[in-house]
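Inspection log for the structure reproduced underneath, given as structure tokens.
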There are 2 protein chains.
Amino acid sequence: MDPRRTPGQRAGLTRGAVLAGARALLAERGLGALTMRALAERLGVRPNTLYSHVADKDALLEELVDDALAVVPDPAGDADWRDELHRLMSASHRALLAAPELVPVTLGRGSRGPQAQRLGRGVTELLARGGVTGAPAREALRVLVLYTIGFAAFEVRPGFPDADPDERRTELGGTYDRGLQWLLAGIAGGRTGSG
Amino acid sequence: MDPRRTPGQRAGLTRGAVLAGARALLAERGLGALTMRALAERLGVRPNTLYSHVADKDALLEELVDDALAVVPDPAGDADWRDELHRLMSASHRALLAAPELVPVTLGRGSRGPQAQRLGRGVTELLARGGVTGAPAREALRVLVLYTIGFAAFEVRPGFPDADPDERRTELGGTYDRGLQWLLAGIAGGRTGSG
DNA sequence: TGGCGTACTGTACGCCGTCCAGCTATATTG
DNA sequence: CAATATAGCTGGACGGCGTACAGTACGCCA
């Protein structure tokens with residue numbers, strides 16, 4: 001508890017504890033308050049101690065972002081590929097909204113962690129099940145992913161719609177679904193033809 | 001040129017010059033290098049001088065973002081509304097890519113400046129011309145805007161596609177267009193029916 | 001029991017955005 | 001043309017940031 005500790009004495013800090021503390025700090029006080037110094041203080045430790053567990057702040061953020069996607073399930077085996085795709089993307093969307101402060105980071109920094117890659121594989125697999133492969137599949141994947149993250153980013157930003165913040169969440173959620181359906185229809189429709 | 005100037009002597013700095021300098025610095029050395037101190041040095045001025053022309057760094061960025069959209073034209077009077085909508089969004093997309101470093105800022109900070117509002121009015125007008133009004137129009141506007149900005153953000157991020165950076169630009173540009181067409185088709189298709 | 005790896009510390013460096021008080025070149029007024 | 005107000009610019013500083021370096025003392029294993 002007390003950070004006043006003689007050198008060499010251990011606080012029993014682990015990498016996981018650092019990440020958990022960062023998540024808590026993020027949730028409670030926002031992205032702007034997530035500073036290495038504040039995180040250290042919350043953990044009862046000097047700031048530089050964090051660097052024994054994390055490469056630097058960027059790496060920490062990247063890991064947080066990727067972890068946020070861990071709750072998204074893998075695609076089920078037998079359902080219709082379009083329904084499944086909708087479910088998968090919608091789950092991702094919800095996962096992002098559950099950690100609103102991280103969304104701008106996601107967009108800004110890219111996120112190529114294991115969870116993001118897993119999600120990519122899932123989408124690709126579903127597309128293949130629907131007969132979409134190769135370059136069109138990569139196209140579709142890109143469109144879906146960025147639409148989802150982009151939408152989440154806007155949902156998270158204050159002041160975008162002029163309506164009451166009450167309606168806002170509901171209305172935006174519906175809007176996301178609508179756009180997603182349009183995209184899925186386009187993907188499915190372009191499956192055979194076009195050039 | 002020489003910032004070594006006795007107090008009171010004027011550098012002839014204007015608000016426009018500050019913005020222009022910021023744009024140049026951004027283009028040459030990236031967002032990370034756009035610091036009030038660096039900007040001041042480039043302008044031959046002490047850092048605090050900037051605050052005589054700009055409220056703070058946030059305001060400066062916001063203005064830069066909005067200005068980037070100034071090159072997007074208003075919709076023409078007589079063309080097909082879908083073609084026109086495509087042209088408008090595509091122009092916005094290109095405008096954003098012309099200032100890549102600003103895209104993350106756009107998404108992160110929101111951008112409600114005059115240019116953004118003008119663009120919003122243009123889109124709304126075109127949608128109305130196609131018979132899309134009210135809540136569906138707001139939905140469509142949101143989807144189009146965030147798709148465009150979101151896509152630009154991903155295009156700007158390094159390392160997203162696994163291909164050569166050469167093909168990348170071309171392929172991504174085509175992907176943007178494809179997705180945009182899907183969305184426009186969905187918007188036009190949902191015009192009369194659906195629930 | 002002794003040595004070693006390492007979690008942790010004190011301290012400090014070089015950045016950052018921004019504020020305050022003062023000075024003076026310029027614009028404004030008579 | 002002289003007196004005054006305005007406002008552009010400065011030196012200097014404050015508090016905060018991420019992070020590096022070198023040292024210390026604990027826990028573990030031989």
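In the structure tokens, each chain is lettered A, B, ... as it comes, each chain's residues begin at 1, and ligands are numbered from 1 in order of appearance.
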Please superimpose chain B upon chain A, fitting all C-alpha atoms matched one to one in order, and report the result as a tab-separated table (two decimals) with C-alpha atoms, in the first residue's frame.
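Listed below is the output, part-v1.tsv:
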```
chain	number	residue	atom	x	y	z
B	1	MET	CA	-0.46	-0.28	-0.23
B	2	ASP	CA	2.03	2.22	1.06
B	3	PRO	CA	4.52	3.06	-1.66
B	4	ARG	CA	6.98	4.07	1.07
B	5	ARG	CA	9.16	1.06	0.85
B	6	THR	CA	12.89	0.66	1.18
B	7	PRO	CA	14.68	-0.17	-2.06
B	8	GLY	CA	14.60	-3.81	-2.97
B	9	GLN	CA	11.43	-4.59	-1.10
B	10	ARG	CA	8.86	-6.16	-3.39
B	11	ALA	CA	5.35	-5.03	-4.06
B	12	GLY	CA	4.49	-8.30	-5.76
B	13	LEU	CA	3.53	-6.47	-8.88
B	14	THR	CA	2.88	-8.55	-11.99
B	15	ARG	CA	2.38	-7.70	-15.60
B	16	GLY	CA	-1.26	-8.64	-15.26
B	17	ALA	CA	-1.71	-6.35	-12.29
B	18	VAL	CA	-0.26	-3.48	-14.26
B	19	LEU	CA	-2.67	-4.09	-17.12
B	20	ALA	CA	-5.60	-4.47	-14.75
B	21	GLY	CA	-4.68	-1.24	-13.00
B	22	ALA	CA	-4.45	0.53	-16.34
B	23	ARG	CA	-7.87	-0.75	-17.33
B	24	ALA	CA	-9.38	0.40	-14.05
B	25	LEU	CA	-7.77	3.80	-14.27
B	26	LEU	CA	-9.00	4.14	-17.83
B	27	ALA	CA	-12.55	3.24	-16.87
B	28	GLU	CA	-12.64	5.48	-13.84
B	29	ARG	CA	-10.85	8.58	-14.95
B	30	GLY	CA	-10.47	8.44	-18.71
B	31	LEU	CA	-7.68	8.22	-21.22
B	32	GLY	CA	-6.25	11.60	-20.34
B	33	ALA	CA	-5.74	10.46	-16.78
B	34	LEU	CA	-3.98	7.26	-17.75
B	35	THR	CA	-0.43	8.34	-17.15
B	36	MET	CA	2.45	6.18	-16.10
B	37	ARG	CA	2.78	8.22	-12.95
B	38	ALA	CA	-0.88	7.97	-12.03
B	39	LEU	CA	-0.87	4.26	-12.77
B	40	ALA	CA	2.19	3.79	-10.60
B	41	GLU	CA	0.61	5.65	-7.72
B	42	ARG	CA	-2.54	3.56	-7.95
B	43	LEU	CA	-0.40	0.44	-7.79
B	44	GLY	CA	1.58	1.73	-4.82
B	45	VAL	CA	4.80	1.88	-6.74
B	46	ARG	CA	7.23	4.39	-8.22
B	47	PRO	CA	6.71	5.30	-11.87
B	48	ASN	CA	9.88	3.70	-13.18
B	49	THR	CA	8.89	0.40	-11.64
B	50	LEU	CA	6.30	-0.02	-14.37
B	51	TYR	CA	9.09	-0.38	-16.87
B	52	SER	CA	10.03	-3.67	-15.27
B	53	HIS	CA	6.72	-5.06	-16.50
B	54	VAL	CA	5.93	-3.15	-19.66
B	55	ALA	CA	8.18	-1.96	-22.47
B	56	ASP	CA	6.66	1.49	-22.61
B	57	LYS	CA	3.35	3.26	-22.59
B	58	ASP	CA	2.66	2.52	-26.21
B	59	ALA	CA	3.04	-1.20	-25.68
B	60	LEU	CA	0.75	-1.02	-22.70
B	61	LEU	CA	-1.97	0.70	-24.70
B	62	GLU	CA	-1.60	-1.71	-27.56
B	63	GLU	CA	-2.07	-4.63	-25.23
B	64	LEU	CA	-5.12	-3.05	-23.64
B	65	VAL	CA	-6.68	-2.50	-27.03
B	66	ASP	CA	-6.12	-6.04	-28.13
B	67	ASP	CA	-7.40	-7.48	-24.87
B	68	ALA	CA	-10.65	-5.60	-25.29
B	69	LEU	CA	-11.43	-7.86	-28.24
B	70	ALA	CA	-10.92	-11.05	-26.27
B	71	VAL	CA	-14.62	-11.30	-25.41
B	72	VAL	CA	-15.59	-11.66	-29.07
B	73	PRO	CA	-16.31	-15.36	-29.68
B	74	ASP	CA	-15.13	-17.43	-32.61
B	75	PRO	CA	-17.74	-18.08	-35.29
B	76	ALA	CA	-20.09	-21.00	-34.62
B	77	GLY	CA	-19.90	-23.95	-36.95
B	78	ASP	CA	-23.23	-24.29	-38.64
B	79	ALA	CA	-25.24	-21.09	-38.77
B	80	ASP	CA	-25.81	-19.04	-41.92
B	81	TRP	CA	-22.62	-17.21	-42.78
B	82	ARG	CA	-24.28	-13.83	-43.07
B	83	ASP	CA	-26.02	-14.11	-39.72
B	84	GLU	CA	-22.81	-15.30	-38.20
B	85	LEU	CA	-20.86	-12.44	-39.73
B	86	HIS	CA	-23.39	-10.00	-38.40
B	87	ARG	CA	-23.13	-11.53	-34.95
B	88	LEU	CA	-19.34	-11.42	-35.02
B	89	MET	CA	-19.07	-7.82	-36.10
B	90	SER	CA	-21.79	-6.75	-33.73
B	91	ALA	CA	-19.97	-8.43	-30.87
B	92	SER	CA	-16.79	-6.63	-31.84
B	93	HIS	CA	-18.66	-3.38	-31.92
B	94	ARG	CA	-20.02	-4.00	-28.46
B	95	ALA	CA	-16.62	-5.03	-27.17
B	96	LEU	CA	-15.18	-1.76	-28.38
B	97	LEU	CA	-17.94	0.25	-26.77
B	98	ALA	CA	-17.30	-1.51	-23.49
B	99	ALA	CA	-13.95	0.24	-23.38
B	100	PRO	CA	-14.86	3.56	-24.97
B	101	GLU	CA	-11.67	5.30	-24.05
B	102	LEU	CA	-9.66	2.80	-26.02
B	103	VAL	CA	-11.44	3.25	-29.31
B	104	PRO	CA	-9.48	6.27	-30.46
B	105	VAL	CA	-6.33	4.41	-29.56
B	106	THR	CA	-7.49	1.45	-31.62
B	107	LEU	CA	-7.91	3.61	-34.65
B	108	GLY	CA	-4.84	5.68	-34.08
B	109	ARG	CA	-2.44	2.89	-33.41
B	110	GLY	CA	-3.76	0.07	-35.56
B	111	SER	CA	-3.90	-3.00	-33.33
B	112	ARG	CA	-2.27	-6.05	-34.87
B	113	GLY	CA	-2.32	-8.09	-31.68
B	114	PRO	CA	-3.35	-11.73	-31.40
B	115	GLN	CA	-7.00	-10.99	-30.68
B	116	ALA	CA	-7.29	-8.69	-33.68
B	117	GLN	CA	-5.71	-11.38	-35.84
B	118	ARG	CA	-8.05	-14.02	-34.48
B	119	LEU	CA	-11.00	-11.81	-35.33
B	120	GLY	CA	-9.63	-11.31	-38.81
B	121	ARG	CA	-9.33	-15.05	-39.30
B	122	GLY	CA	-12.90	-15.54	-38.11
B	123	VAL	CA	-14.26	-13.04	-40.57
B	124	THR	CA	-12.22	-14.46	-43.39
B	125	GLU	CA	-13.45	-17.95	-42.62
B	126	LEU	CA	-17.08	-16.84	-42.68
B	127	LEU	CA	-16.59	-15.00	-45.93
B	128	ALA	CA	-15.07	-18.09	-47.46
B	129	ARG	CA	-18.06	-20.09	-46.30
B	130	GLY	CA	-20.17	-17.67	-48.30
B	131	GLY	CA	-18.00	-18.07	-51.36
B	132	VAL	CA	-16.09	-14.81	-50.95
B	133	THR	CA	-12.35	-15.43	-51.19
B	134	GLY	CA	-9.16	-13.81	-52.42
B	135	ALA	CA	-9.05	-10.10	-53.10
B	136	PRO	CA	-12.79	-9.54	-52.64
B	137	ALA	CA	-12.55	-11.19	-49.26
B	138	ARG	CA	-9.72	-8.89	-48.23
B	139	GLU	CA	-11.79	-5.98	-49.43
B	140	ALA	CA	-14.81	-7.10	-47.47
B	141	LEU	CA	-12.75	-7.69	-44.35
B	142	ARG	CA	-11.30	-4.24	-44.52
B	143	VAL	CA	-14.64	-2.60	-45.03
B	144	LEU	CA	-16.24	-4.47	-42.15
B	145	VAL	CA	-13.43	-3.87	-39.71
B	146	LEU	CA	-13.00	-0.21	-40.38
B	147	TYR	CA	-16.72	0.39	-40.45
B	148	THR	CA	-17.01	-1.16	-37.02
B	149	ILE	CA	-14.10	0.65	-35.46
B	150	GLY	CA	-14.94	3.89	-37.19
B	151	PHE	CA	-18.49	3.75	-35.99
B	152	ALA	CA	-17.46	2.97	-32.46
B	153	ALA	CA	-15.11	5.93	-32.55
B	154	PHE	CA	-17.94	8.24	-33.48
B	155	GLU	CA	-20.28	6.75	-30.98
B	156	VAL	CA	-17.76	7.42	-28.30
B	157	ARG	CA	-17.14	11.02	-29.27
B	158	PRO	CA	-19.37	13.50	-27.46
B	159	GLY	CA	-21.50	15.98	-29.32
B	160	PHE	CA	-21.81	14.21	-32.63
B	161	PRO	CA	-25.58	13.86	-32.84
B	162	ASP	CA	-27.61	16.87	-31.89
B	163	ALA	CA	-30.16	14.79	-30.01
B	164	ASP	CA	-30.41	14.03	-26.31
B	165	PRO	CA	-27.63	11.80	-25.05
B	166	ASP	CA	-30.36	9.47	-23.86
B	167	GLU	CA	-31.76	8.56	-27.25
B	168	ARG	CA	-28.29	8.77	-28.63
B	169	ARG	CA	-27.02	5.37	-27.59
B	170	THR	CA	-30.08	3.55	-28.78
B	171	GLU	CA	-30.30	5.42	-32.04
B	172	LEU	CA	-26.63	4.97	-32.81
B	173	GLY	CA	-26.73	1.29	-32.00
B	174	GLY	CA	-29.54	0.88	-34.47
B	175	THR	CA	-27.65	2.93	-37.02
B	176	TYR	CA	-24.66	0.68	-36.70
B	177	ASP	CA	-26.78	-2.38	-37.35
B	178	ARG	CA	-28.45	-0.80	-40.35
B	179	GLY	CA	-25.18	0.13	-41.98
B	180	LEU	CA	-23.76	-3.28	-41.22
B	181	GLN	CA	-26.69	-4.90	-42.97
B	182	TRP	CA	-26.15	-2.72	-46.01
B	183	LEU	CA	-22.54	-3.75	-46.15
B	184	LEU	CA	-23.31	-7.43	-45.72
B	185	ALA	CA	-25.91	-7.23	-48.45
B	186	GLY	CA	-23.37	-5.59	-50.71
B	187	ILE	CA	-20.75	-8.20	-49.92
B	188	ALA	CA	-23.17	-11.05	-50.55
B	189	GLY	CA	-24.56	-9.43	-53.66
B	190	GLY	CA	-21.18	-8.78	-55.25
B	191	ARG	CA	-20.18	-12.37	-54.56
B	192	THR	CA	-20.86	-13.68	-58.04
B	193	GLY	CA	-21.00	-10.70	-60.41
B	194	SER	CA	-19.62	-7.16	-60.78
B	195	GLY	CA	-16.26	-5.88	-62.12
```
- request: Any chance you could list, as a PyMOL selection string, the residues in chain B that come up helix (DSSP H, G or I) when DSSP is run on the backbone?
  value: chain B and resi 15-29+31-33+36-42+47-52+57-71+81-98+100-109+114-129+134-156+165-189
I need the contact residues of chain C against chain B, so if you could list those with any atom within 10 Å, counting only C-alpha atoms (C1' of nucleotides), and return them as an mmCIF file with N, CA and C atoms (P, O5', C5', C4', C3', O3' and C1' of nucleotides), in the first residue's frame, that would help.
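Output below, filename iface-v3.cif:
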```cif
data_model
loop_
_atom_site.group_PDB
_atom_site.id
_atom_site.type_symbol
_atom_site.label_atom_id
_atom_site.label_comp_id
_atom_site.auth_asym_id
_atom_site.auth_seq_id
_atom_site.Cartn_x
_atom_site.Cartn_y
_atom_site.Cartn_z
ATOM 1 P P DC C 16 9.033 19.642 -27.441
ATOM 2 O "O5'" DC C 16 7.644 19.650 -26.647
ATOM 3 C "C5'" DC C 16 6.844 18.476 -26.671
ATOM 4 C "C4'" DC C 16 5.817 18.567 -25.571
ATOM 5 C "C3'" DC C 16 5.033 19.867 -25.564
ATOM 6 O "O3'" DC C 16 3.969 19.750 -26.483
ATOM 7 C "C1'" DC C 16 5.667 19.215 -23.334
ATOM 8 P P DG C 17 3.398 21.073 -27.172
ATOM 9 O "O5'" DG C 17 2.415 21.604 -26.031
ATOM 10 C "C5'" DG C 17 1.347 20.771 -25.621
ATOM 11 C "C4'" DG C 17 0.594 21.415 -24.477
ATOM 12 C "C3'" DG C 17 0.019 22.795 -24.802
ATOM 13 O "O3'" DG C 17 -1.255 22.904 -24.193
ATOM 14 C "C1'" DG C 17 1.532 22.965 -22.990
ATOM 15 P P DT C 18 -2.159 24.175 -24.476
ATOM 16 O "O5'" DT C 18 -1.670 25.176 -23.332
ATOM 17 C "C5'" DT C 18 -1.887 24.812 -21.969
ATOM 18 C "C4'" DT C 18 -1.241 25.821 -21.053
ATOM 19 C "C3'" DT C 18 -1.662 27.284 -21.303
ATOM 20 O "O3'" DT C 18 -2.381 27.716 -20.160
ATOM 21 C "C1'" DT C 18 0.659 27.068 -20.838
ATOM 22 P P DC C 19 -3.262 29.034 -20.293
ATOM 23 O "O5'" DC C 19 -2.626 29.915 -19.126
ATOM 24 C "C5'" DC C 19 -2.293 29.278 -17.902
ATOM 25 C "C4'" DC C 19 -1.325 30.143 -17.120
ATOM 26 C "C3'" DC C 19 -1.649 31.641 -17.153
ATOM 27 O "O3'" DC C 19 -1.702 32.127 -15.818
ATOM 28 C "C1'" DC C 19 0.640 31.243 -17.681
ATOM 29 P P DG C 22 5.274 43.417 -13.463
ATOM 30 O "O5'" DG C 22 6.071 43.750 -14.812
ATOM 31 C "C5'" DG C 22 7.387 43.231 -14.951
ATOM 32 C "C4'" DG C 22 7.840 43.415 -16.370
ATOM 33 C "C3'" DG C 22 7.811 44.863 -16.874
ATOM 34 O "O3'" DG C 22 9.059 45.157 -17.452
ATOM 35 C "C1'" DG C 22 6.751 43.442 -18.417
ATOM 36 P P DC C 23 9.534 46.684 -17.522
ATOM 37 O "O5'" DC C 23 9.846 46.847 -19.076
ATOM 38 C "C5'" DC C 23 10.631 45.850 -19.725
ATOM 39 C "C4'" DC C 23 10.280 45.829 -21.196
ATOM 40 C "C3'" DC C 23 10.263 47.215 -21.846
ATOM 41 O "O3'" DC C 23 11.195 47.196 -22.903
ATOM 42 C "C1'" DC C 23 8.367 45.932 -22.459
ATOM 43 P P DT C 24 11.820 48.609 -23.429
ATOM 44 O "O5'" DT C 24 11.104 48.745 -24.842
ATOM 45 C "C5'" DT C 24 11.131 47.637 -25.732
ATOM 46 C "C4'" DT C 24 10.060 47.810 -26.799
ATOM 47 C "C3'" DT C 24 9.926 49.232 -27.360
ATOM 48 O "O3'" DT C 24 9.708 49.122 -28.744
ATOM 49 C "C1'" DT C 24 7.849 48.475 -26.678
ATOM 50 P P DA C 25 10.655 49.885 -29.789
ATOM 51 O "O5'" DA C 25 9.918 49.570 -31.178
ATOM 52 C "C5'" DA C 25 9.658 48.217 -31.507
ATOM 53 C "C4'" DA C 25 8.322 48.098 -32.217
ATOM 54 C "C3'" DA C 25 8.024 49.135 -33.286
ATOM 55 O "O3'" DA C 25 7.372 48.473 -34.355
ATOM 56 C "C1'" DA C 25 6.358 49.253 -31.601
ATOM 57 P P DT C 26 7.161 49.220 -35.719
ATOM 58 O "O5'" DT C 26 5.628 49.627 -35.660
ATOM 59 C "C5'" DT C 26 4.657 48.601 -35.642
ATOM 60 C "C4'" DT C 26 3.378 49.105 -35.043
ATOM 61 C "C3'" DT C 26 2.611 50.143 -35.874
ATOM 62 O "O3'" DT C 26 1.547 49.476 -36.546
ATOM 63 C "C1'" DT C 26 2.450 50.479 -33.520
#
```
With a distance threshold of 7 Å and counting only C-alpha atoms (C1' of nucleotides), extract the residues of chain D near chain B and express them as a short mmCIF file (atom, residue, chain, number, x, y, z; two decimals) with N, CA and C atoms (P, O5', C5', C4', C3', O3' and C1' of nucleotides), in the first residue's frame.
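Wrote out.cif, looks like this:
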```cif
data_model
loop_
_atom_site.label_atom_id
_atom_site.label_comp_id
_atom_site.auth_asym_id
_atom_site.auth_seq_id
_atom_site.Cartn_x
_atom_site.Cartn_y
_atom_site.Cartn_z
P DG D 8 -2.21 41.46 -31.46
"O5'" DG D 8 -0.71 41.10 -31.90
"C5'" DG D 8 0.01 42.02 -32.70
"C4'" DG D 8 1.49 41.92 -32.40
"C3'" DG D 8 2.01 40.48 -32.29
"O3'" DG D 8 3.28 40.43 -32.93
"C1'" DG D 8 2.45 41.62 -30.27
P DC D 9 3.94 39.04 -33.22
"O5'" DC D 9 4.96 38.89 -32.01
"C5'" DC D 9 6.07 39.80 -31.93
"C4'" DC D 9 6.69 39.73 -30.56
"C3'" DC D 9 7.10 38.34 -30.08
"O3'" DC D 9 8.51 38.16 -30.29
"C1'" DC D 9 6.19 39.71 -28.33
P DT D 10 9.25 36.90 -29.67
"O5'" DT D 10 9.65 37.39 -28.22
"C5'" DT D 10 10.55 38.49 -28.08
"C4'" DT D 10 10.88 38.68 -26.61
"C3'" DT D 10 11.41 37.42 -25.95
"O3'" DT D 10 12.77 37.61 -25.55
"C1'" DT D 10 9.62 38.38 -24.66
#
```
- prompt: Which distance in Å separates atom C1' of DC15 of chain C and atom C1' of DT19 of chain D, to one decimal?
  reply: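 Between atom C1' of DC15 of chain C and atom C1' of DT19 of chain D the gap is 10.7 Å.
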message: Using Å and a single decimal, report how far atom C1' of DG10 of chain C sits from atom C1' of DG15 of chain D.
response: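 For atom C1' of DG15 of chain D relative to atom C1' of DG10 of chain C, the distance reads 19.9 Å.
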